[in-house]
Amino acid sequence: MLTRLGEVALAVALPVALWGVGAAVLGARRGHAGLVRAAERSVHAVFVLLLLASAALVTAFLRDEFAYAYVANYANRELPLPYKIAGLWAGQTGSLLFWALLLAGFATLVVHQNRHRHRDLMPAVSAVLLGVLAFFLGLLVGPSNPFALVPFPPADGRGLNPQLQNVWMAIHPPTLYLGFTAFTVPAAFAVAALVTGQLDTRWILVTRRWTLLAWFFLTCGILFGMMWAYVELGWGGYWFWDPVENASLLPWLTGTAFLHSVMIQEKRGMLKVWNVSLILATFLLSVLATFLTRSGLIESVHSFAQNRTIGTIFLGALTVATLAGAGLILWRRDRLATEHRLVSWLSREAAFLLNNLVFVTAMLAVLWGTLLPLLSEGVTGQKINVGPAFFDRLTQPLAWAMLALLGIGPVIAWRRASARNLRRHLVGPAALALALGAALAWVGVRHRGAWTTAVLGGFAAAVTLAEIARAARARARQGGRSLPAAVAELFLQQRRRYGGYAVHLGLVVAFWGFAGSAYTVERQASLRPGDALTVRSPFGPIYRLEYVDLSWYPAPNMTKLAATIRVLRDGRPAGVLRPEKRAYRQREEVSTEVAIQRRPLEDLYVILASIDDPNGVLRGTNPAPRIVLKALVEPLVNWIWLGGFLVALGTLWALWPERPTRRRPGPMRSRPRRAGARAAAAGVAAGVVLFGLARRALGQPPAPVPPAVAEQEARAAMGRLKSPYCPGLMLTACPTPQADALRDSLRALAAQGYRADALVEWTVRRHGAAVRAWPRPRGWELVAWLAPPALGLAGVAVLLGWWRRRRLAPADAAPPAALDPVDRARLEAALRDEGWA
Amino acid sequence: MGLTVAGALLALAVALWVLAPLRRPAALGPRGEARLDAWARRRAALAALRDLEDDRATGHLDPGAYAALRARLEAEAVRVLRETAWLEEPHACGFRNPATARYCGGCGRPLDPC
């Protein structure tokens, strides 16, 4: 009964949402308070109805009601309870219901928060939120109904995809969806500002926390997804450049650009069109992300949820929404005029502009690579596949630019930076970064990508820490506070700024973790009980993995086969690992469960790649079969998670409301400049010497370590190849024995001296052009390489053109008249009252 | 049959609740939240001046840029202080409440703006 009632609730919610849109629009046009309030009640009603529908679907999962196609496809009787609840977002239709539920929840919160404020904006906000909800409800009632019945209910369901039976997968989609849906709120306020013409900074201030909240959830969602890929996909990686992963990155990139560019509008009244466009683009990209996950138009590891009908509807809705947004901006372009011009390219405004350019170019590059297979097939009839190596090549320079700007942006002066400003803030950290680079070269870091990332990260971290220290010292000198007290006061009183710095530091730590992946070591061997596999960590220790035995035992929903591996680190016992194969009874699928030994500097990642005679093990005729064991040493991978944690913490800190303080500090003074100049000069001298050393070290030919070089070339080739045995998967991720054999062949060829390009061509000759995931720089495939940099250059050209036009525009508005004594006294009293005089 | 009745009742309840404001439109003007909004606006305007001073103290502004920004932010802050001056006025009962209070500390009534 409850389940059927959920179905009815969905059917009732659609007309309620449509009514709400109409009531909001009509109420705003006629100034009818009752209609506007009725529209807002529609938001609450839709939320309650969606809650009812979602509860009904979860109940159907808990009661094993396999008469529903969705339940039959994604659950079975033995499925553990948490995964039955997670079944709500395991497939396409449930995910859409969950998306709508989260959006309705946020919409209810927004309407409640603003029931007595921003009344001029709220009708349009309600209309936009209800419009988006009506779209999703239309899908749920029509082609994607989670309550659709099967003609002949099965006795048991098919069960959940084994890869989804993981704790991170239970958390990752909801967090990601929270991010996607929360971005609808600032977009709705932007549309309301456009519709009402209230285009001052109010909509930005009102939605500041919503934007940060959405960014926080999206960041956490992406991070959880990476953790899931790392522990579940069983190939040692955490980012696959899969279309669905890319789709979640797209709104993150534009959302990050937006978080920075709004500061220019707040401070200088510039970039109004850009900010409105960015937040609308972020919302549309969030919908695109949902579209890419659900459409099935592009091959993906997320292919457990696809429906091309839905894809067509999403595409139509996206087109309409894009045109409507562009039309609104054009309509209001006169009210979006900038209040100030860009005075100098050496200014914080310019640094933020470049930051935006880098983020948007990165977004376009990722979007281009994601859609390229589809576009190339549509235009030329021949699909151009791209893989991680292609994305790495395109995005690496952009990531470096981001890291450099991450250092420069927070310290460069507003309006126009002087040479002294730049020297004072940047020379010392640059010298420290070069010292770090020299030290890395000295210890043997030869991978140029990793080296550059580490050095630029060091620069950004040094700038950020120096900035915090400088501000704390200035504050400490005011009233005899200790330095730690001053740091605490800064973080407590200026949460947005210093939370942002924590985010920057977290990103640097994460990038250092990414750089570490260049030194991943992988070894594989076929072992009998008593045999051992040896793998040397890039940090020096040697791991010896001894295969003890293989055991099996039944568990709910599956049978587990676990190899017992004794680990010795530099000859000393270092624990036991049990990598597994899991045979899921209902779905008749086998999955690989890796075993990981974590350390601050590296992970030992062990995969039970295959078992010679699994049936013999289960029957007891072959209790000690031969196994293929794969081991990876992953340097600095835990720094990615630590960096992500810092990013999340910093965002929460920035998000938290500031508390008023009653302390009365004295006036702030500039620090003595002589000491700064001395430090900078010393930094320059050290930097010059160390830079010379680093150049010498990097200029030397690579050390003669043939197996390592061969491994690097083989891995580079694998990163450019799709697997001929696992449709849609890269060769690095394909778990079949044939793929193992192909990888071994590539390694053997690489050991003979073949380079990555030759290995790719060799594989393409054997398995056909479809395995190529690395466009060749000729013919149509050249376009794949040229388009993203061309888009970036076009962005630079637009910026330069805009700047030249601005130079001809009138100068800044005349400065306001001096304050009269009464106003000045009032202002000073207010500042004193807050403790900021 | 039972489901049809339940569905009809659900639809009826939702319709009655959603359409109720059409009969008796509630006031949409600012209420207690306006006091918090005004306080937040005032704090944001003053915080901008604080940030500016921090930027100067840490060497992020040359004197010209500092003077121009200071003049602009001071003018903006004074405008906001004028518009939110009612926050500092005593309540009708004579009690002077802090800016963040939502209810009068003297008589317990809600602190709506005049």
# chains A, B, ... in the order shown; residues from 1 in each chain; ligands from 1

$ interface_residues --of "chain A" --to "chain B" --cutoff "7 Å" --atoms "only C-alpha atoms" --output "PyMOL selection string"
chain A and resi 1+5+8+12+33-35+37-38+41-42+45+116-117+411-415+421+470-471+474+668-670+815-816+823+827+831+836

$ write_last_selection --atoms "N, CA and C atoms" --output "mmCIF file, in the first residue's frame"
data_model
loop_
_atom_site.group_PDB
_atom_site.id
_atom_site.type_symbol
_atom_site.label_atom_id
_atom_site.label_comp_id
_atom_site.auth_asym_id
_atom_site.auth_seq_id
_atom_site.Cartn_x
_atom_site.Cartn_y
_atom_site.Cartn_z
ATOM 1 N N MET A 1 0.840 -1.211 0.000
ATOM 2 C CA MET A 1 0.000 0.000 0.000
ATOM 3 C C MET A 1 0.874 1.260 0.000
ATOM 4 N N LEU A 5 1.300 4.087 -2.810
ATOM 5 C CA LEU A 5 1.028 5.480 -2.445
ATOM 6 C C LEU A 5 2.176 6.383 -2.925
ATOM 7 N N VAL A 8 1.566 7.241 -6.409
ATOM 8 C CA VAL A 8 0.532 8.292 -6.497
ATOM 9 C C VAL A 8 1.145 9.650 -6.140
ATOM 10 N N VAL A 12 1.031 13.134 -8.228
ATOM 11 C CA VAL A 12 0.446 14.379 -7.702
ATOM 12 C C VAL A 12 1.484 15.514 -7.732
ATOM 13 N N ALA A 33 0.119 38.684 -3.528
ATOM 14 C CA ALA A 33 0.863 38.006 -2.469
ATOM 15 C C ALA A 33 0.370 36.571 -2.272
ATOM 16 N N GLY A 34 -0.916 36.354 -2.417
ATOM 17 C CA GLY A 34 -1.481 35.020 -2.195
ATOM 18 C C GLY A 34 -0.924 34.013 -3.195
ATOM 19 N N LEU A 35 -0.825 34.430 -4.463
ATOM 20 C CA LEU A 35 -0.300 33.518 -5.487
ATOM 21 C C LEU A 35 1.165 33.171 -5.214
ATOM 22 N N ARG A 37 2.704 33.208 -2.345
ATOM 23 C CA ARG A 37 2.755 32.316 -1.181
ATOM 24 C C ARG A 37 2.298 30.905 -1.568
ATOM 25 N N ALA A 38 1.301 30.818 -2.436
ATOM 26 C CA ALA A 38 0.837 29.494 -2.883
ATOM 27 C C ALA A 38 1.949 28.780 -3.646
ATOM 28 N N ARG A 41 4.297 27.433 -1.151
ATOM 29 C CA ARG A 41 3.743 26.221 -0.513
ATOM 30 C C ARG A 41 3.865 25.019 -1.445
ATOM 31 N N SER A 42 3.808 25.299 -2.769
ATOM 32 C CA SER A 42 3.980 24.198 -3.731
ATOM 33 C C SER A 42 5.353 23.563 -3.562
ATOM 34 N N ALA A 45 5.171 21.340 -0.671
ATOM 35 C CA ALA A 45 4.334 20.169 -0.974
ATOM 36 C C ALA A 45 5.091 19.179 -1.852
ATOM 37 N N HIS A 116 10.545 35.921 4.708
ATOM 38 C CA HIS A 116 10.294 37.332 5.015
ATOM 39 C C HIS A 116 11.385 38.240 4.461
ATOM 40 N N ARG A 117 12.249 37.741 3.599
ATOM 41 C CA ARG A 117 13.319 38.567 3.054
ATOM 42 C C ARG A 117 13.455 38.334 1.549
ATOM 43 N N VAL A 411 48.354 37.270 -3.000
ATOM 44 C CA VAL A 411 49.260 38.290 -2.448
ATOM 45 C C VAL A 411 49.495 39.472 -3.373
ATOM 46 N N ILE A 412 49.118 39.372 -4.616
ATOM 47 C CA ILE A 412 49.349 40.493 -5.522
ATOM 48 C C ILE A 412 48.354 41.616 -5.170
ATOM 49 N N ALA A 413 48.785 42.853 -5.346
ATOM 50 C CA ALA A 413 47.967 43.991 -4.896
ATOM 51 C C ALA A 413 46.757 44.213 -5.794
ATOM 52 N N TRP A 414 45.703 44.766 -5.192
ATOM 53 C CA TRP A 414 44.543 45.183 -5.980
ATOM 54 C C TRP A 414 44.939 46.374 -6.863
ATOM 55 N N ARG A 415 44.237 46.583 -7.911
ATOM 56 C CA ARG A 415 44.385 47.698 -8.862
ATOM 57 C C ARG A 415 45.704 47.651 -9.623
ATOM 58 N N ASN A 421 55.961 45.356 -4.168
ATOM 59 C CA ASN A 421 54.945 44.402 -3.701
ATOM 60 C C ASN A 421 55.272 42.986 -4.180
ATOM 61 N N ARG A 470 52.672 36.595 7.906
ATOM 62 C CA ARG A 470 52.806 38.062 7.835
ATOM 63 C C ARG A 470 51.612 38.745 8.513
ATOM 64 N N ALA A 471 50.413 38.249 8.196
ATOM 65 C CA ALA A 471 49.213 38.855 8.785
ATOM 66 C C ALA A 471 49.190 38.633 10.297
ATOM 67 N N ALA A 474 51.633 40.977 11.981
ATOM 68 C CA ALA A 474 51.096 42.349 12.025
ATOM 69 C C ALA A 474 50.071 42.467 13.149
ATOM 70 N N MET A 668 46.434 48.934 13.013
ATOM 71 C CA MET A 668 47.411 48.027 12.416
ATOM 72 C C MET A 668 48.531 48.844 11.796
ATOM 73 N N ARG A 669 49.719 48.301 11.877
ATOM 74 C CA ARG A 669 50.857 48.995 11.274
ATOM 75 C C ARG A 669 51.501 48.066 10.249
ATOM 76 N N SER A 670 52.138 48.683 9.273
ATOM 77 C CA SER A 670 52.893 47.870 8.342
ATOM 78 C C SER A 670 54.132 47.347 9.048
ATOM 79 N N PRO A 815 36.097 59.787 -7.073
ATOM 80 C CA PRO A 815 36.042 59.297 -5.692
ATOM 81 C C PRO A 815 34.957 59.998 -4.905
ATOM 82 N N PRO A 816 34.323 59.318 -3.965
ATOM 83 C CA PRO A 816 33.245 59.952 -3.207
ATOM 84 C C PRO A 816 33.776 61.110 -2.367
ATOM 85 N N ASP A 823 29.486 61.669 10.302
ATOM 86 C CA ASP A 823 29.533 60.331 9.702
ATOM 87 C C ASP A 823 30.811 59.608 10.080
ATOM 88 N N LEU A 827 31.074 56.112 11.968
ATOM 89 C CA LEU A 827 31.785 54.970 11.381
ATOM 90 C C LEU A 827 32.836 54.434 12.352
ATOM 91 N N LEU A 831 33.070 50.730 14.056
ATOM 92 C CA LEU A 831 34.251 49.855 13.925
ATOM 93 C C LEU A 831 34.804 49.490 15.302
ATOM 94 N N TRP A 836 37.192 46.389 15.422
ATOM 95 C CA TRP A 836 38.007 46.481 14.205
ATOM 96 C C TRP A 836 38.566 47.874 13.974
#

$ select_by_dssp --residues "region 397-552 of chain A" --states "strand (DSSP E)" --output "ChimeraX atom specification"
/A:521-527,532-536,542-552

$ residues_around --residues "Gly138 (chain A)" --least-positions-apart "5" --cutoff "12 Å" --atoms "only C-alpha atoms" --output "count of residues only"
24

$ atom_distance --atom1 "CA of Leu88 (chain A)" --atom2 "CA of Thr319 (chain A)"
28.5 Å

$ residues_around --residues "Gly108 (chain B)" --least-positions-apart "4" --cutoff "12 Å" --atoms "only C-alpha atoms" --output "ChimeraX atom specification"
/B:91-93,95,97,101-104,112

$ closest_residue --among "A:Leu212, A:Leu164, A:Met226, A:Leu121" --to "Leu199 (chain A)" --atoms "only C-alpha atoms"
A:Leu121

$ residues_around --residues "region 571-582 of chain A" --least-positions-apart "2" --cutoff "7 Å" --atoms "only C-alpha atoms" --output "number ranges by chain"
A: 558-569, 584, 590-595, 606-608

$ write_last_selection --atoms "N, CA, C and O atoms" --output "compact mmCIF listing (two decimals), in the first residue's frame"
# COMPACT_ATOMS: atom_id res chain seq x y z
N MET A 558 27.48 -13.84 -1.36
CA MET A 558 28.68 -14.12 -2.17
C MET A 558 29.51 -15.23 -1.55
O MET A 558 29.30 -15.63 -0.40
N THR A 559 30.47 -15.73 -2.35
CA THR A 559 31.51 -16.63 -1.84
C THR A 559 32.84 -15.93 -2.02
O THR A 559 33.12 -15.38 -3.07
N LYS A 560 33.67 -15.96 -0.96
CA LYS A 560 34.94 -15.24 -1.03
C LYS A 560 36.08 -16.24 -1.15
O LYS A 560 36.12 -17.25 -0.44
N LEU A 561 37.05 -15.93 -2.04
CA LEU A 561 38.29 -16.69 -2.13
C LEU A 561 39.41 -15.72 -1.80
O LEU A 561 39.60 -14.73 -2.51
N ALA A 562 40.12 -15.98 -0.71
CA ALA A 562 41.12 -15.02 -0.25
C ALA A 562 42.50 -15.67 -0.21
O ALA A 562 42.66 -16.78 0.30
N ALA A 563 43.47 -14.98 -0.80
CA ALA A 563 44.86 -15.45 -0.73
C ALA A 563 45.50 -14.84 0.51
O ALA A 563 45.28 -13.66 0.80
N THR A 564 46.26 -15.62 1.24
CA THR A 564 46.98 -15.09 2.41
C THR A 564 48.40 -14.74 1.96
O THR A 564 49.13 -15.62 1.47
N ILE A 565 48.74 -13.48 2.09
CA ILE A 565 50.04 -13.00 1.62
C ILE A 565 50.80 -12.44 2.82
O ILE A 565 50.33 -11.49 3.47
N ARG A 566 51.97 -13.04 3.13
CA ARG A 566 52.78 -12.51 4.23
C ARG A 566 53.72 -11.45 3.65
O ARG A 566 54.36 -11.67 2.63
N VAL A 567 53.71 -10.28 4.32
CA VAL A 567 54.50 -9.14 3.80
C VAL A 567 55.76 -8.98 4.64
O VAL A 567 55.71 -8.96 5.87
N LEU A 568 56.90 -8.88 3.96
CA LEU A 568 58.16 -8.56 4.64
C LEU A 568 58.68 -7.24 4.05
O LEU A 568 58.71 -7.08 2.82
N ARG A 569 59.03 -6.31 4.92
CA ARG A 569 59.54 -5.01 4.44
C ARG A 569 61.00 -4.92 4.85
O ARG A 569 61.30 -4.91 6.04
N TYR A 584 29.69 -13.39 -6.77
CA TYR A 584 28.33 -13.00 -6.36
C TYR A 584 27.35 -14.01 -6.93
O TYR A 584 27.29 -14.22 -8.15
N VAL A 590 32.04 -12.06 -10.89
CA VAL A 590 33.19 -12.15 -9.99
C VAL A 590 33.83 -10.77 -9.90
O VAL A 590 34.00 -10.10 -10.91
N SER A 591 34.14 -10.35 -8.69
CA SER A 591 34.82 -9.07 -8.54
C SER A 591 36.12 -9.26 -7.78
O SER A 591 36.33 -10.28 -7.12
N THR A 592 37.00 -8.27 -7.90
CA THR A 592 38.31 -8.34 -7.24
C THR A 592 38.32 -7.36 -6.09
O THR A 592 37.97 -6.20 -6.27
N GLU A 593 38.71 -7.85 -4.91
CA GLU A 593 38.85 -6.96 -3.74
C GLU A 593 40.33 -6.84 -3.43
O GLU A 593 40.97 -7.83 -3.10
N VAL A 594 40.84 -5.65 -3.54
CA VAL A 594 42.28 -5.46 -3.32
C VAL A 594 42.56 -5.42 -1.82
O VAL A 594 41.65 -5.21 -1.01
N ALA A 595 43.82 -5.63 -1.48
CA ALA A 595 44.26 -5.48 -0.08
C ALA A 595 45.31 -4.37 -0.07
O ALA A 595 46.20 -4.36 -0.92
N VAL A 606 47.82 -4.64 -3.24
CA VAL A 606 47.98 -6.02 -3.72
C VAL A 606 46.67 -6.53 -4.32
O VAL A 606 45.60 -6.39 -3.72
N ILE A 607 46.80 -7.08 -5.53
CA ILE A 607 45.61 -7.53 -6.28
C ILE A 607 45.76 -9.04 -6.56
O ILE A 607 46.80 -9.47 -7.06
N LEU A 608 44.71 -9.76 -6.25
CA LEU A 608 44.66 -11.18 -6.64
C LEU A 608 44.11 -11.20 -8.07
O LEU A 608 42.90 -11.19 -8.28

$ atom_distance --atom1 "CA of Pro614 (chain A)" --atom2 "CA of Val521 (chain A)"
28.2 Å

$ decode --residues "region 583-594 of chain A" --atoms "all heavy atoms" --output "PDB file, in the first residue's frame"
ATOM      1  N   ALA A 583      32.736 -14.102  -5.608  1.00  0.00           N
ATOM      2  CA  ALA A 583      31.781 -14.602  -6.597  1.00  0.00           C
ATOM      3  C   ALA A 583      30.371 -14.298  -6.089  1.00  0.00           C
ATOM      4  O   ALA A 583      29.960 -14.830  -5.041  1.00  0.00           O
ATOM      5  CB  ALA A 583      31.972 -16.091  -6.791  1.00  0.00           C
ATOM      6  N   TYR A 584      29.685 -13.388  -6.771  1.00  0.00           N
ATOM      7  CA  TYR A 584      28.329 -13.000  -6.359  1.00  0.00           C
ATOM      8  C   TYR A 584      27.347 -14.007  -6.928  1.00  0.00           C
ATOM      9  O   TYR A 584      27.287 -14.215  -8.149  1.00  0.00           O
ATOM     10  CB  TYR A 584      28.020 -11.581  -6.823  1.00  0.00           C
ATOM     11  CG  TYR A 584      28.810 -10.561  -6.035  1.00  0.00           C
ATOM     12  CD1 TYR A 584      30.121 -10.257  -6.369  1.00  0.00           C
ATOM     13  CD2 TYR A 584      28.250  -9.928  -4.939  1.00  0.00           C
ATOM     14  CE1 TYR A 584      30.859  -9.348  -5.631  1.00  0.00           C
ATOM     15  CE2 TYR A 584      28.978  -9.019  -4.191  1.00  0.00           C
ATOM     16  CZ  TYR A 584      30.282  -8.738  -4.542  1.00  0.00           C
ATOM     17  OH  TYR A 584      31.012  -7.851  -3.804  1.00  0.00           O
ATOM     18  N   ARG A 585      26.587 -14.636  -6.025  1.00  0.00           N
ATOM     19  CA  ARG A 585      25.740 -15.754  -6.435  1.00  0.00           C
ATOM     20  C   ARG A 585      24.644 -15.315  -7.393  1.00  0.00           C
ATOM     21  O   ARG A 585      24.457 -15.888  -8.452  1.00  0.00           O
ATOM     22  CB  ARG A 585      25.127 -16.407  -5.203  1.00  0.00           C
ATOM     23  CG  ARG A 585      26.132 -17.264  -4.443  1.00  0.00           C
ATOM     24  CD  ARG A 585      25.445 -18.119  -3.409  1.00  0.00           C
ATOM     25  NE  ARG A 585      25.110 -17.389  -2.205  1.00  0.00           N
ATOM     26  CZ  ARG A 585      25.967 -17.168  -1.213  1.00  0.00           C
ATOM     27  NH1 ARG A 585      27.219 -17.603  -1.310  1.00  0.00           N
ATOM     28  NH2 ARG A 585      25.614 -16.512  -0.133  1.00  0.00           N
ATOM     29  N   GLN A 586      23.929 -14.257  -7.047  1.00  0.00           N
ATOM     30  CA  GLN A 586      22.746 -13.918  -7.812  1.00  0.00           C
ATOM     31  C   GLN A 586      23.085 -13.368  -9.197  1.00  0.00           C
ATOM     32  O   GLN A 586      22.462 -13.690 -10.180  1.00  0.00           O
ATOM     33  CB  GLN A 586      21.904 -12.904  -7.026  1.00  0.00           C
ATOM     34  CG  GLN A 586      20.469 -12.783  -7.483  1.00  0.00           C
ATOM     35  CD  GLN A 586      19.703 -14.086  -7.340  1.00  0.00           C
ATOM     36  OE1 GLN A 586      20.025 -14.929  -6.505  1.00  0.00           O
ATOM     37  NE2 GLN A 586      18.701 -14.275  -8.196  1.00  0.00           N
ATOM     38  N   ARG A 587      24.112 -12.527  -9.273  1.00  0.00           N
ATOM     39  CA  ARG A 587      24.456 -11.912 -10.553  1.00  0.00           C
ATOM     40  C   ARG A 587      25.445 -12.753 -11.336  1.00  0.00           C
ATOM     41  O   ARG A 587      25.780 -12.434 -12.475  1.00  0.00           O
ATOM     42  CB  ARG A 587      25.038 -10.517 -10.332  1.00  0.00           C
ATOM     43  CG  ARG A 587      24.006  -9.495  -9.895  1.00  0.00           C
ATOM     44  CD  ARG A 587      24.637  -8.135  -9.758  1.00  0.00           C
ATOM     45  NE  ARG A 587      24.898  -7.504 -11.039  1.00  0.00           N
ATOM     46  CZ  ARG A 587      24.082  -6.620 -11.608  1.00  0.00           C
ATOM     47  NH1 ARG A 587      22.967  -6.278 -11.020  1.00  0.00           N
ATOM     48  NH2 ARG A 587      24.381  -6.089 -12.766  1.00  0.00           N
ATOM     49  N   GLU A 588      25.965 -13.835 -10.709  1.00  0.00           N
ATOM     50  CA  GLU A 588      26.956 -14.704 -11.352  1.00  0.00           C
ATOM     51  C   GLU A 588      28.113 -13.877 -11.898  1.00  0.00           C
ATOM     52  O   GLU A 588      28.527 -14.008 -13.042  1.00  0.00           O
ATOM     53  CB  GLU A 588      26.295 -15.544 -12.456  1.00  0.00           C
ATOM     54  CG  GLU A 588      25.258 -16.509 -11.897  1.00  0.00           C
ATOM     55  CD  GLU A 588      24.598 -17.345 -12.973  1.00  0.00           C
ATOM     56  OE1 GLU A 588      24.782 -17.012 -14.147  1.00  0.00           O
ATOM     57  OE2 GLU A 588      23.915 -18.309 -12.626  1.00  0.00           O
ATOM     58  N   GLU A 589      28.580 -12.947 -11.094  1.00  0.00           N
ATOM     59  CA  GLU A 589      29.714 -12.115 -11.474  1.00  0.00           C
ATOM     60  C   GLU A 589      30.816 -12.275 -10.440  1.00  0.00           C
ATOM     61  O   GLU A 589      30.548 -12.573  -9.283  1.00  0.00           O
ATOM     62  CB  GLU A 589      29.302 -10.639 -11.526  1.00  0.00           C
ATOM     63  CG  GLU A 589      28.451 -10.288 -12.732  1.00  0.00           C
ATOM     64  CD  GLU A 589      28.061  -8.828 -12.749  1.00  0.00           C
ATOM     65  OE1 GLU A 589      28.840  -8.000 -12.220  1.00  0.00           O
ATOM     66  OE2 GLU A 589      26.992  -8.507 -13.282  1.00  0.00           O
ATOM     67  N   VAL A 590      32.037 -12.060 -10.890  1.00  0.00           N
ATOM     68  CA  VAL A 590      33.191 -12.149  -9.989  1.00  0.00           C
ATOM     69  C   VAL A 590      33.830 -10.767  -9.901  1.00  0.00           C
ATOM     70  O   VAL A 590      34.004 -10.095 -10.912  1.00  0.00           O
ATOM     71  CB  VAL A 590      34.215 -13.173 -10.521  1.00  0.00           C
ATOM     72  CG1 VAL A 590      35.453 -13.190  -9.630  1.00  0.00           C
ATOM     73  CG2 VAL A 590      33.588 -14.559 -10.576  1.00  0.00           C
ATOM     74  N   SER A 591      34.137 -10.351  -8.687  1.00  0.00           N
ATOM     75  CA  SER A 591      34.822  -9.066  -8.539  1.00  0.00           C
ATOM     76  C   SER A 591      36.123  -9.264  -7.779  1.00  0.00           C
ATOM     77  O   SER A 591      36.326 -10.282  -7.122  1.00  0.00           O
ATOM     78  CB  SER A 591      33.929  -8.063  -7.814  1.00  0.00           C
ATOM     79  OG  SER A 591      33.936  -8.326  -6.436  1.00  0.00           O
ATOM     80  N   THR A 592      37.000  -8.274  -7.897  1.00  0.00           N
ATOM     81  CA  THR A 592      38.306  -8.341  -7.244  1.00  0.00           C
ATOM     82  C   THR A 592      38.325  -7.361  -6.091  1.00  0.00           C
ATOM     83  O   THR A 592      37.973  -6.198  -6.267  1.00  0.00           O
ATOM     84  CB  THR A 592      39.401  -7.962  -8.266  1.00  0.00           C
ATOM     85  OG1 THR A 592      39.294  -8.843  -9.376  1.00  0.00           O
ATOM     86  CG2 THR A 592      40.779  -8.082  -7.666  1.00  0.00           C
ATOM     87  N   GLU A 593      38.705  -7.851  -4.914  1.00  0.00           N
ATOM     88  CA  GLU A 593      38.847  -6.957  -3.745  1.00  0.00           C
ATOM     89  C   GLU A 593      40.327  -6.839  -3.431  1.00  0.00           C
ATOM     90  O   GLU A 593      40.970  -7.833  -3.097  1.00  0.00           O
ATOM     91  CB  GLU A 593      38.104  -7.533  -2.533  1.00  0.00           C
ATOM     92  CG  GLU A 593      36.613  -7.396  -2.584  1.00  0.00           C
ATOM     93  CD  GLU A 593      36.137  -5.953  -2.597  1.00  0.00           C
ATOM     94  OE1 GLU A 593      36.563  -5.178  -1.717  1.00  0.00           O
ATOM     95  OE2 GLU A 593      35.355  -5.601  -3.496  1.00  0.00           O
ATOM     96  N   VAL A 594      40.843  -5.649  -3.540  1.00  0.00           N
ATOM     97  CA  VAL A 594      42.276  -5.462  -3.317  1.00  0.00           C
ATOM     98  C   VAL A 594      42.559  -5.423  -1.818  1.00  0.00           C
ATOM     99  O   VAL A 594      41.653  -5.213  -1.007  1.00  0.00           O
ATOM    100  CB  VAL A 594      42.770  -4.153  -3.968  1.00  0.00           C
ATOM    101  CG1 VAL A 594      42.493  -4.164  -5.450  1.00  0.00           C
ATOM    102  CG2 VAL A 594      42.154  -2.934  -3.311  1.00  0.00           C
TER     103      VAL A 594
END
